[in-house]
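*Asks:* To start, I am sharing the structure in question, which I have written as structure tokens.
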Amino acid sequence: MNVVTDWTALIRDVPDYPKPGILFKDITPLLADHAAFTQVVDELGEGLAFDKVVGIEARGFILAAPVAYRSGAGFVPVRKEGKLPSETYEASYDLEYGSATIEVHADAFESGDRVLIVDDVLATGGTARAAVELVRRTGAQVVAVSFLMELSFLSGRDRLPGLEVRTLLTV
């Protein structure tokens with residue numbers, strides 16, 4: 001495998017997107033670079049033992065599915081409310097402008113499954129905390145929560161006490 005020495009240079013800053021005052025971190029150039037994408041996928045699950053990988057809609061799917069594949073684990077999508085066709089568990093969380101709800105299929109995990117949760121960005125921690133709640137409600141165990149990047153000024157890590165929180169890049 002070609003090791004990319006600085007895959008972080010492939011994350012593009014887009015000012016004023018999706019609204020004025022926001023500096024959006026665009027990961028699409030990183031995803032398009034095979035060596036960089038491979039390195040990130042490998043690092044997200046490195047050194048952990050897990051049976052399933054949760055990907056949080058939507059960019060979390062892009063990262064979590066290949067982590068699951070490379071590790072020989074199953075992939076479980078956590079989706080926005082109303083997007084899954086069978087019986088679900090749901091958890092709500094607060095946003096800066098309201099609230100949102102995510103869901104997972106009620107039969108996605110077996111009791112005792114070891115689960116890695118993967119997403120692209122740790123911001124306020126609300127979505128990740130809701131995903132942890134969903135996994136635990138099924139009787140499965142969260143072994144870690146792994147993110148491509150963390151917006152440390154939002155203190156999202158503080159909303160995930162008692163968990164191993166991994167981030168590959170802190171901004």
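As shown in the structure tokens, the chain order sets the letters A, B, ...; within each chain, residues go from 1, and ligands are also counted from 1 in the order they appear.
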DSSP says helix (DSSP H, G or I) for which residues of region 68-151 of chain A? Put them as an MDAnalysis selection string?
*Replies:* chainID A and resid 68:71 126:137
*Asks:* Out of chain A, which residues get strand (DSSP E) from DSSP, as a PyMOL selection string?
*Replies:* chain A and resi 12-15+23-26+52-56+74-80+88-95+98-105+114-122+141-150+165-170
*Asks:* Using only C-alpha atoms, which protein or nucleic acid residues come within 12 Å of Glu46 (chain A)? Drop anything in the same chain fewer than 6 positions from it, and give the result as a PyMOL selection string.
*Replies:* chain A and resi 39-40+67-68+70-71+116+144+146+166-168
*Asks:* Please produce a file of those selected residues containing N, CA, C and O atoms, as a PDB file, in the first residue's frame.
*Replies:*
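Everything below was put into out08.pdb:
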ATOM      1  N   GLN A  39      -5.696   4.603   3.558  1.00  0.00           N
ATOM      2  CA  GLN A  39      -5.017   4.867   4.829  1.00  0.00           C
ATOM      3  C   GLN A  39      -6.008   5.290   5.908  1.00  0.00           C
ATOM      4  O   GLN A  39      -5.957   4.812   7.044  1.00  0.00           O
ATOM      5  N   VAL A  40      -6.937   6.172   5.557  1.00  0.00           N
ATOM      6  CA  VAL A  40      -7.938   6.635   6.524  1.00  0.00           C
ATOM      7  C   VAL A  40      -8.817   5.470   6.984  1.00  0.00           C
ATOM      8  O   VAL A  40      -9.073   5.311   8.186  1.00  0.00           O
ATOM      9  N   VAL A  67     -14.549   0.255   6.389  1.00  0.00           N
ATOM     10  CA  VAL A  67     -13.920  -0.189   7.641  1.00  0.00           C
ATOM     11  C   VAL A  67     -14.448  -1.584   7.988  1.00  0.00           C
ATOM     12  O   VAL A  67     -13.680  -2.488   8.337  1.00  0.00           O
ATOM     13  N   ALA A  68     -15.762  -1.764   7.875  1.00  0.00           N
ATOM     14  CA  ALA A  68     -16.366  -3.073   8.158  1.00  0.00           C
ATOM     15  C   ALA A  68     -15.821  -4.136   7.202  1.00  0.00           C
ATOM     16  O   ALA A  68     -15.423  -5.226   7.629  1.00  0.00           O
ATOM     17  N   ARG A  70     -12.984  -4.201   5.429  1.00  0.00           N
ATOM     18  CA  ARG A  70     -11.560  -4.483   5.657  1.00  0.00           C
ATOM     19  C   ARG A  70     -11.349  -5.295   6.930  1.00  0.00           C
ATOM     20  O   ARG A  70     -10.365  -6.034   7.042  1.00  0.00           O
ATOM     21  N   SER A  71     -12.254  -5.161   7.892  1.00  0.00           N
ATOM     22  CA  SER A  71     -12.099  -5.819   9.190  1.00  0.00           C
ATOM     23  C   SER A  71     -12.868  -7.132   9.291  1.00  0.00           C
ATOM     24  O   SER A  71     -12.811  -7.787  10.332  1.00  0.00           O
ATOM     25  N   LEU A 116     -18.174  -0.764  16.703  1.00  0.00           N
ATOM     26  CA  LEU A 116     -17.421   0.458  16.447  1.00  0.00           C
ATOM     27  C   LEU A 116     -18.349   1.421  15.723  1.00  0.00           C
ATOM     28  O   LEU A 116     -18.962   1.050  14.719  1.00  0.00           O
ATOM     29  N   ALA A 144     -15.714   1.663  20.702  1.00  0.00           N
ATOM     30  CA  ALA A 144     -15.094   2.964  20.436  1.00  0.00           C
ATOM     31  C   ALA A 144     -15.971   3.737  19.472  1.00  0.00           C
ATOM     32  O   ALA A 144     -16.836   3.170  18.789  1.00  0.00           O
ATOM     33  N   SER A 146     -15.186   6.420  16.387  1.00  0.00           N
ATOM     34  CA  SER A 146     -14.045   6.837  15.586  1.00  0.00           C
ATOM     35  C   SER A 146     -14.487   7.837  14.526  1.00  0.00           C
ATOM     36  O   SER A 146     -15.469   7.600  13.816  1.00  0.00           O
ATOM     37  N   ARG A 166     -11.857   8.293  19.174  1.00  0.00           N
ATOM     38  CA  ARG A 166     -10.683   8.402  18.309  1.00  0.00           C
ATOM     39  C   ARG A 166     -10.969   9.407  17.202  1.00  0.00           C
ATOM     40  O   ARG A 166     -12.027   9.346  16.579  1.00  0.00           O
ATOM     41  N   THR A 167     -10.025  10.276  16.947  1.00  0.00           N
ATOM     42  CA  THR A 167     -10.139  11.178  15.809  1.00  0.00           C
ATOM     43  C   THR A 167      -8.788  11.180  15.097  1.00  0.00           C
ATOM     44  O   THR A 167      -7.736  11.156  15.730  1.00  0.00           O
ATOM     45  N   LEU A 168      -8.844  11.187  13.771  1.00  0.00           N
ATOM     46  CA  LEU A 168      -7.610  11.161  12.991  1.00  0.00           C
ATOM     47  C   LEU A 168      -7.052  12.567  12.778  1.00  0.00           C
ATOM     48  O   LEU A 168      -5.868  12.718  12.526  1.00  0.00           O
TER      49      LEU A 168
END
*Asks:* Extract, using only C-alpha atoms, all DNA, RNA and protein residues at most 12 Å from Ala32 (chain A), discarding same-chain residues fewer than 4 positions from it, and format them as a PyMOL selection string.
*Replies:* chain A and resi 7+10-11+26-28+36-38+62
*Asks:* Given the selection you just returned, output its residues as a file containing all heavy atoms, formatted as a CSV table (one decimal), in the first residue's frame.
*Replies:*
chain,number,residue,atom,x,y,z
A,7,TRP,N,-2.4,13.1,4.2
A,7,TRP,CA,-3.8,13.1,3.6
A,7,TRP,C,-4.6,14.3,4.0
A,7,TRP,O,-5.6,14.6,3.4
A,7,TRP,CB,-4.5,11.7,3.9
A,7,TRP,CG,-4.6,11.4,5.4
A,7,TRP,CD1,-3.8,10.5,6.0
A,7,TRP,CD2,-5.5,11.9,6.3
A,7,TRP,NE1,-4.2,10.5,7.4
A,7,TRP,CE2,-5.3,11.3,7.6
A,7,TRP,CE3,-6.6,12.8,6.2
A,7,TRP,CZ2,-6.0,11.5,8.7
A,7,TRP,CZ3,-7.3,13.1,7.4
A,7,TRP,CH2,-7.0,12.4,8.6
A,10,LEU,N,-5.7,16.9,1.7
A,10,LEU,CA,-6.8,16.6,0.7
A,10,LEU,C,-8.1,17.0,1.2
A,10,LEU,O,-9.1,16.8,0.5
A,10,LEU,CB,-6.7,15.1,0.3
A,10,LEU,CG,-5.5,14.7,-0.4
A,10,LEU,CD1,-5.4,13.2,-0.5
A,10,LEU,CD2,-5.3,15.3,-1.7
A,11,ILE,N,-8.2,17.6,2.4
A,11,ILE,CA,-9.5,18.1,2.9
A,11,ILE,C,-9.6,19.6,2.6
A,11,ILE,O,-8.7,20.4,3.0
A,11,ILE,CB,-9.6,17.9,4.5
A,11,ILE,CG1,-9.5,16.4,4.8
A,11,ILE,CG2,-10.9,18.5,5.0
A,11,ILE,CD1,-9.5,16.0,6.2
A,26,ASP,N,-14.6,19.8,3.3
A,26,ASP,CA,-15.0,19.0,2.2
A,26,ASP,C,-14.0,17.8,2.1
A,26,ASP,O,-12.8,18.0,1.8
A,26,ASP,CB,-15.0,19.8,0.9
A,26,ASP,CG,-15.4,19.0,-0.3
A,26,ASP,OD1,-15.9,17.8,-0.2
A,26,ASP,OD2,-15.2,19.5,-1.5
A,27,ILE,N,-14.5,16.6,2.3
A,27,ILE,CA,-13.6,15.4,2.2
A,27,ILE,C,-13.6,14.7,0.9
A,27,ILE,O,-12.9,13.7,0.7
A,27,ILE,CB,-14.0,14.4,3.4
A,27,ILE,CG1,-15.4,13.8,3.1
A,27,ILE,CG2,-13.9,15.0,4.7
A,27,ILE,CD1,-15.7,12.6,4.1
A,28,THR,N,-14.3,15.2,-0.1
A,28,THR,CA,-14.4,14.5,-1.4
A,28,THR,C,-13.1,14.4,-2.1
A,28,THR,O,-12.8,13.3,-2.7
A,28,THR,CB,-15.5,15.1,-2.3
A,28,THR,OG1,-15.2,16.5,-2.5
A,28,THR,CG2,-16.9,15.0,-1.7
A,36,ALA,N,-4.9,7.7,0.0
A,36,ALA,CA,-5.3,8.4,1.2
A,36,ALA,C,-6.6,7.8,1.8
A,36,ALA,O,-6.6,7.6,3.0
A,36,ALA,CB,-5.6,9.9,0.8
A,37,PHE,N,-7.5,7.5,0.9
A,37,PHE,CA,-8.8,6.9,1.4
A,37,PHE,C,-8.5,5.5,2.1
A,37,PHE,O,-9.0,5.3,3.2
A,37,PHE,CB,-9.8,6.7,0.3
A,37,PHE,CG,-11.1,6.2,0.6
A,37,PHE,CD1,-11.8,6.7,1.7
A,37,PHE,CD2,-11.7,5.2,-0.1
A,37,PHE,CE1,-13.1,6.2,2.1
A,37,PHE,CE2,-13.0,4.8,0.2
A,37,PHE,CZ,-13.7,5.3,1.3
A,38,THR,N,-7.6,4.7,1.5
A,38,THR,CA,-7.3,3.4,2.1
A,38,THR,C,-6.6,3.6,3.5
A,38,THR,O,-6.9,2.9,4.4
A,38,THR,CB,-6.3,2.7,1.2
A,38,THR,OG1,-7.0,2.4,-0.1
A,38,THR,CG2,-5.9,1.3,1.8
A,62,ILE,N,-20.0,6.3,4.1
A,62,ILE,CA,-18.9,6.3,3.2
A,62,ILE,C,-17.6,5.7,3.9
A,62,ILE,O,-16.8,5.0,3.3
A,62,ILE,CB,-18.6,7.7,2.6
A,62,ILE,CG1,-19.8,8.1,1.7
A,62,ILE,CG2,-17.3,7.7,1.7
A,62,ILE,CD1,-19.7,9.6,1.4
*Asks:* Which is closest to Arg114 (chain A) among A:Gly21, A:Leu44, A:His34, A:Ala49, if we use only C-alpha atoms?
*Replies:* A:Ala49
*Asks:* Within 7 Å of Asp119 (chain A), counting only C-alpha atoms, which residues show up once you throw out same-chain ones fewer than 3 positions away? Write them as a short mmCIF file (atom, residue, chain, number, x, y, z; two decimals) with N, CA and C atoms, in the first residue's frame, please.
*Replies:*
data_model
loop_
_atom_site.label_atom_id
_atom_site.label_comp_id
_atom_site.auth_asym_id
_atom_site.auth_seq_id
_atom_site.Cartn_x
_atom_site.Cartn_y
_atom_site.Cartn_z
N GLY A 55 -22.37 3.06 10.76
CA GLY A 55 -22.12 4.28 10.01
C GLY A 55 -23.30 5.20 10.19
N ILE A 56 -23.03 6.47 10.52
CA ILE A 56 -24.09 7.44 10.75
C ILE A 56 -24.36 8.19 9.45
N ARG A 59 -22.44 10.79 5.49
CA ARG A 59 -21.01 10.61 5.21
C ARG A 59 -20.40 9.50 6.05
N GLY A 60 -20.99 9.20 7.18
CA GLY A 60 -20.50 8.08 7.98
C GLY A 60 -20.60 6.75 7.25
N LEU A 63 -17.43 6.07 5.12
CA LEU A 63 -16.26 5.64 5.86
C LEU A 63 -16.47 4.31 6.58
N SER A 146 -15.19 6.42 16.39
CA SER A 146 -14.04 6.84 15.59
C SER A 146 -14.49 7.84 14.53
N PHE A 147 -13.75 8.95 14.42
CA PHE A 147 -14.10 10.03 13.50
C PHE A 147 -12.90 10.38 12.63
N LEU A 148 -13.19 10.79 11.43
CA LEU A 148 -12.14 11.30 10.56
C LEU A 148 -11.56 12.58 11.16
#
*Asks:* Applying 8 Å and only C-alpha atoms, which residues near Ala128 (chain A) remain after dropping the ones on its own chain fewer than 2 positions away? List them as a list in words.
*Replies:* Ile117, Leu122, Gly125, Gly126, Ala130, Ala131, Val132, Val145 and Leu160 of chain A
*Asks:* For the residues in that selection, give me N, CA, C and O atoms as a PDB file, in the first residue's frame.
*Replies:*
ATOM      1  N   ILE A 117     -18.484   2.634  16.214  1.00  0.00           N
ATOM      2  CA  ILE A 117     -19.286   3.664  15.561  1.00  0.00           C
ATOM      3  C   ILE A 117     -18.337   4.582  14.797  1.00  0.00           C
ATOM      4  O   ILE A 117     -17.339   5.045  15.359  1.00  0.00           O
ATOM      5  N   LEU A 122     -16.730  14.816  14.359  1.00  0.00           N
ATOM      6  CA  LEU A 122     -17.230  14.997  15.719  1.00  0.00           C
ATOM      7  C   LEU A 122     -17.351  16.498  15.937  1.00  0.00           C
ATOM      8  O   LEU A 122     -16.341  17.205  15.981  1.00  0.00           O
ATOM      9  N   GLY A 125     -21.292  16.461  19.262  1.00  0.00           N
ATOM     10  CA  GLY A 125     -21.397  15.148  19.894  1.00  0.00           C
ATOM     11  C   GLY A 125     -22.804  14.619  20.031  1.00  0.00           C
ATOM     12  O   GLY A 125     -23.004  13.483  20.458  1.00  0.00           O
ATOM     13  N   GLY A 126     -23.801  15.406  19.654  1.00  0.00           N
ATOM     14  CA  GLY A 126     -25.187  14.976  19.822  1.00  0.00           C
ATOM     15  C   GLY A 126     -25.553  13.756  18.994  1.00  0.00           C
ATOM     16  O   GLY A 126     -26.189  12.820  19.494  1.00  0.00           O
ATOM     17  N   ALA A 130     -26.399   9.961  20.472  1.00  0.00           N
ATOM     18  CA  ALA A 130     -27.650   9.275  20.137  1.00  0.00           C
ATOM     19  C   ALA A 130     -27.364   7.905  19.527  1.00  0.00           C
ATOM     20  O   ALA A 130     -28.062   6.931  19.828  1.00  0.00           O
ATOM     21  N   ALA A 131     -26.337   7.797  18.687  1.00  0.00           N
ATOM     22  CA  ALA A 131     -25.973   6.499  18.106  1.00  0.00           C
ATOM     23  C   ALA A 131     -25.508   5.530  19.182  1.00  0.00           C
ATOM     24  O   ALA A 131     -25.864   4.349  19.161  1.00  0.00           O
ATOM     25  N   VAL A 132     -24.732   6.007  20.144  1.00  0.00           N
ATOM     26  CA  VAL A 132     -24.294   5.168  21.272  1.00  0.00           C
ATOM     27  C   VAL A 132     -25.516   4.657  22.031  1.00  0.00           C
ATOM     28  O   VAL A 132     -25.603   3.468  22.371  1.00  0.00           O
ATOM     29  N   VAL A 145     -15.716   5.039  19.435  1.00  0.00           N
ATOM     30  CA  VAL A 145     -16.347   5.927  18.463  1.00  0.00           C
ATOM     31  C   VAL A 145     -15.195   6.578  17.714  1.00  0.00           C
ATOM     32  O   VAL A 145     -14.313   7.191  18.335  1.00  0.00           O
ATOM     33  N   LEU A 160     -19.442  12.370  25.262  1.00  0.00           N
ATOM     34  CA  LEU A 160     -19.227  10.933  25.104  1.00  0.00           C
ATOM     35  C   LEU A 160     -18.364  10.383  26.249  1.00  0.00           C
ATOM     36  O   LEU A 160     -17.360   9.711  26.021  1.00  0.00           O
TER      37      LEU A 160
END
*Asks:* Just how far from CA of Met149 (chain A) is CA of Glu43 (chain A), in Å to one decimal?
*Replies:*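 According to the coordinates, CA of Glu43 (chain A) and CA of Met149 (chain A) are separated by 12.1 Å.
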*Asks:* What is the CA of Glu90 (chain A)-CA of Glu57 (chain A) distance in Å, reported with one decimal?
*Replies:* 13.7 Å
*Asks:* I need the residue nearest Asp33 (chain A) from this list: A:Thr8, A:Val14, A:Val115, A:Glu164. Use only C-alpha atoms for the distance.
*Replies:*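 Nearest candidate to Asp33 (chain A) out of A:Thr8, A:Val14, A:Val115, A:Glu164: A:Thr8.
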*Asks:* Leaving out Tyr93 (chain A) and any residue of its chain fewer than 3 positions from it, which residues lie within 9 Å of it when counting only C-alpha atoms, given as a ChimeraX atom specification?
*Replies:* /A:98-102,126-127,129-130
*Asks:* Would you mind exporting N, CA and C atoms of the selected residues as a PDB file, in the first residue's frame?
*Replies:*
ATOM      1  N   GLY A  98     -32.776  23.254  16.497  1.00  0.00           N
ATOM      2  CA  GLY A  98     -33.936  22.410  16.758  1.00  0.00           C
ATOM      3  C   GLY A  98     -33.509  21.049  17.274  1.00  0.00           C
ATOM      4  N   SER A  99     -34.135  20.003  16.749  1.00  0.00           N
ATOM      5  CA  SER A  99     -33.768  18.652  17.143  1.00  0.00           C
ATOM      6  C   SER A  99     -33.885  17.724  15.943  1.00  0.00           C
ATOM      7  N   ALA A 100     -33.303  16.544  16.078  1.00  0.00           N
ATOM      8  CA  ALA A 100     -33.355  15.540  15.020  1.00  0.00           C
ATOM      9  C   ALA A 100     -33.454  14.171  15.672  1.00  0.00           C
ATOM     10  N   THR A 101     -33.853  13.193  14.878  1.00  0.00           N
ATOM     11  CA  THR A 101     -34.000  11.823  15.359  1.00  0.00           C
ATOM     12  C   THR A 101     -33.299  10.880  14.388  1.00  0.00           C
ATOM     13  N   ILE A 102     -32.574   9.915  14.958  1.00  0.00           N
ATOM     14  CA  ILE A 102     -31.962   8.862  14.150  1.00  0.00           C
ATOM     15  C   ILE A 102     -32.514   7.517  14.604  1.00  0.00           C
ATOM     16  N   GLY A 126     -23.801  15.406  19.654  1.00  0.00           N
ATOM     17  CA  GLY A 126     -25.187  14.976  19.822  1.00  0.00           C
ATOM     18  C   GLY A 126     -25.553  13.756  18.994  1.00  0.00           C
ATOM     19  N   THR A 127     -25.154  13.739  17.746  1.00  0.00           N
ATOM     20  CA  THR A 127     -25.475  12.605  16.880  1.00  0.00           C
ATOM     21  C   THR A 127     -24.759  11.352  17.359  1.00  0.00           C
ATOM     22  N   ARG A 129     -23.686  10.668  20.378  1.00  0.00           N
ATOM     23  CA  ARG A 129     -24.273  10.213  21.641  1.00  0.00           C
ATOM     24  C   ARG A 129     -25.589   9.473  21.399  1.00  0.00           C
ATOM     25  N   ALA A 130     -26.399   9.961  20.472  1.00  0.00           N
ATOM     26  CA  ALA A 130     -27.650   9.275  20.137  1.00  0.00           C
ATOM     27  C   ALA A 130     -27.364   7.905  19.527  1.00  0.00           C
TER      28      ALA A 130
END
*Asks:* Looking at A:Val171, A:Val135, A:Ser155, A:Phe75, which one is nearest to Phe24 (chain A), with distances taken over only C-alpha atoms?
*Replies:*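 Among the listed residues, A:Val171 lies closest to Phe24 (chain A).
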*Asks:* Between A:Asp13, A:Glu103, A:Glu150, A:Asp42, which residue has the minimum interatomic distance to Glu81 (chain A), considering only C-alpha atoms?
*Replies:*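 Between A:Asp13, A:Glu103, A:Glu150, A:Asp42, the residue approaching Glu81 (chain A) most closely is A:Glu103.
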*Asks:* Could you tell me how far CA of Gly162 (chain A) lies from CA of Gly45 (chain A), in Å and to one decimal?
*Replies:*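 Rounded to one decimal, the two atoms are 18.5 Å apart.
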